[in-house]
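Data first, discussion second: the structure below is written as structure tokens.
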Amino acid sequence: MAESDIYLASDAVNAEIVKDMLRAHGIDAHVEQKNTWMGAASLPANMAPRVRVTDPAQQQRARELVSAFEQGPVDHGSAWTCAECGEFILGQFDRCWYCDTPRPG
Ligand SMILES: [Zn+2]
């Protein structure tokens, strides 16, 4: 796993969620290999999509965010949309990461 590989996703959707989460924090994240499975009968483990952050100055922060993402309570609630800015927020977050508006309800 290269230094710039921040997160190895189980599938392309998961990779996109993590990428969007990092970008919402101002980190220039990219998803790689998300289309390599197309046409293949099965997905080799080493071909799983990965989220990369190429800027070394952002990698530590990115790893912390991914770690929090992975350790977050999975049953905390379903994903929600911020009423203030319309940002899509994952269920384990109680506040909008973009504008800090609390989860409604
Ligand atoms: Zn918001």
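Within each chain, counting starts at residue 1; across the structure tokens, chains are named A, B, ... in the order shown, with ligands numbered 1 upward in that order.
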Within 9 Å of ligand 1, which residues of chain A come that close, and what is the closest atom pair and distance in Å for each? Count only C-alpha atoms and all ligand atoms and give it as CSV.
residue,atom,partner,partner_atom_place_in_ligand_line,distance
A:Thr81,CA,ligand 1,1 (Zn),7.9
A:Cys82,CA,ligand 1,1 (Zn),4.7
A:Ala83,CA,ligand 1,1 (Zn),6.6
A:Glu84,CA,ligand 1,1 (Zn),4.9
A:Cys85,CA,ligand 1,1 (Zn),4.1
A:Gly86,CA,ligand 1,1 (Zn),6.0
A:Glu87,CA,ligand 1,1 (Zn),5.4
A:Phe88,CA,ligand 1,1 (Zn),8.3
A:Ile89,CA,ligand 1,1 (Zn),8.5
A:Arg95,CA,ligand 1,1 (Zn),7.9
A:Cys96,CA,ligand 1,1 (Zn),4.6
A:Trp97,CA,ligand 1,1 (Zn),6.7
A:Tyr98,CA,ligand 1,1 (Zn),5.0
A:Cys99,CA,ligand 1,1 (Zn),4.1
A:Asp100,CA,ligand 1,1 (Zn),6.0
A:Thr101,CA,ligand 1,1 (Zn),5.4
A:Pro102,CA,ligand 1,1 (Zn),8.3
What lies within 10 Å of stretch 22-25 of chain A using only C-alpha atoms, ignoring chain neighbours under 2 positions off, as a PDB file with C-alpha atoms, in the first residue's frame?
ATOM      1  CA  GLU A  16     -16.850   7.450  -3.539  1.00  0.00           C
ATOM      2  CA  ILE A  17     -18.322   8.057  -0.083  1.00  0.00           C
ATOM      3  CA  VAL A  18     -14.865   8.277   1.493  1.00  0.00           C
ATOM      4  CA  LYS A  19     -13.566  10.480  -1.303  1.00  0.00           C
ATOM      5  CA  ASP A  20     -16.505  12.856  -0.923  1.00  0.00           C
ATOM      6  CA  ILE A  27      -8.613  17.341   1.084  1.00  0.00           C
ATOM      7  CA  ASP A  28      -7.812  16.689  -2.555  1.00  0.00           C
ATOM      8  CA  ALA A  29      -8.774  13.015  -2.690  1.00  0.00           C
ATOM      9  CA  HIS A  30      -9.104  10.803  -5.761  1.00  0.00           C
ATOM     10  CA  VAL A  51      -8.876   6.512  -2.282  1.00  0.00           C
ATOM     11  CA  VAL A  53      -4.354  11.671  -1.459  1.00  0.00           C
ATOM     12  CA  GLN A  58      -2.871  16.288   3.622  1.00  0.00           C
ATOM     13  CA  ARG A  61      -5.335  14.475   8.210  1.00  0.00           C
ATOM     14  CA  ALA A  62      -6.907  12.207   5.614  1.00  0.00           C
ATOM     15  CA  ARG A  63      -5.904   9.098   7.582  1.00  0.00           C
ATOM     16  CA  LEU A  65     -10.659  11.287   8.975  1.00  0.00           C
ATOM     17  CA  VAL A  66     -10.798   7.803   7.450  1.00  0.00           C
ATOM     18  CA  GLU A  87     -24.743  18.451   1.834  1.00  0.00           C
ATOM     19  CA  PHE A  88     -25.087  14.641   2.036  1.00  0.00           C
ATOM     20  CA  ILE A  89     -24.018  13.552   5.534  1.00  0.00           C
ATOM     21  CA  CYS A  96     -22.974  18.897   8.877  1.00  0.00           C
ATOM     22  CA  TRP A  97     -19.263  18.752   8.109  1.00  0.00           C
ATOM     23  CA  TYR A  98     -19.665  21.588   5.673  1.00  0.00           C
TER      24      TYR A  98
END
Checklist entry - Got a sec to tell me which of chain A DSSP assigns to strand (DSSP E or B), as a list in words? => result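 Strand (DSSP E or B) members of chain A, listed: Asp5, Ile6, Tyr7, Leu8, Ala29, His30, Val31, Glu32, Arg50, Val51, Arg52, Val53, Trp80, Thr81, Phe88, Ile89, Arg95 and Pro102 of chain A.
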Next, dump the selected residues to file, keeping only C-alpha atoms, as a PDB file, in the first residue's frame.
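So the final result, stored in selection_21.pdb, reads:
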ATOM      1  CA  ASP A   5      -3.241   5.245  -0.598  1.00  0.00           C
ATOM      2  CA  ILE A   6      -5.455   6.470   2.204  1.00  0.00           C
ATOM      3  CA  TYR A   7      -8.264   3.975   2.021  1.00  0.00           C
ATOM      4  CA  LEU A   8      -8.864   0.635   0.331  1.00  0.00           C
ATOM      5  CA  ALA A  29      -8.774  13.015  -2.690  1.00  0.00           C
ATOM      6  CA  HIS A  30      -9.104  10.803  -5.761  1.00  0.00           C
ATOM      7  CA  VAL A  31     -10.573   7.370  -6.429  1.00  0.00           C
ATOM      8  CA  GLU A  32      -8.468   4.989  -8.489  1.00  0.00           C
ATOM      9  CA  ARG A  50      -8.686   2.940  -3.422  1.00  0.00           C
ATOM     10  CA  VAL A  51      -8.876   6.512  -2.282  1.00  0.00           C
ATOM     11  CA  ARG A  52      -5.641   8.376  -2.778  1.00  0.00           C
ATOM     12  CA  VAL A  53      -4.354  11.671  -1.459  1.00  0.00           C
ATOM     13  CA  TRP A  80     -29.151  12.562   6.138  1.00  0.00           C
ATOM     14  CA  THR A  81     -29.126  15.702   4.076  1.00  0.00           C
ATOM     15  CA  PHE A  88     -25.087  14.641   2.036  1.00  0.00           C
ATOM     16  CA  ILE A  89     -24.018  13.552   5.534  1.00  0.00           C
ATOM     17  CA  ARG A  95     -23.437  17.792  12.452  1.00  0.00           C
ATOM     18  CA  PRO A 102     -26.881  19.929  13.613  1.00  0.00           C
TER      19      PRO A 102
END
Item to check | Point-to-point distance in Å for atom CA of A:Gly91 and atom CA of A:Pro56 | outcome: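 These atoms are spaced 28.8 Å apart.
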Next on the checklist: Nearest residue to A:Ala48 out of A:Gln33, A:Pro104, A:Phe93, A:Glu3, using only C-alpha atoms?
Outcome noted: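 Among the listed residues, A:Gln33 lies closest to A:Ala48.
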Item to check | DSSP helix (DSSP H, G or I) selection over chain A, as a PyMOL selection string | outcome: chain A and resi 12-24+45-47+56-71
Next on the checklist: Env of A:Asp11: 8 Å cut, atoms = only C-alpha atoms, seq-sep filter 3 positions within chain, self excluded. Answer as a PyMOL selection string.
Outcome noted: chain A and resi 14-15+34+48-49
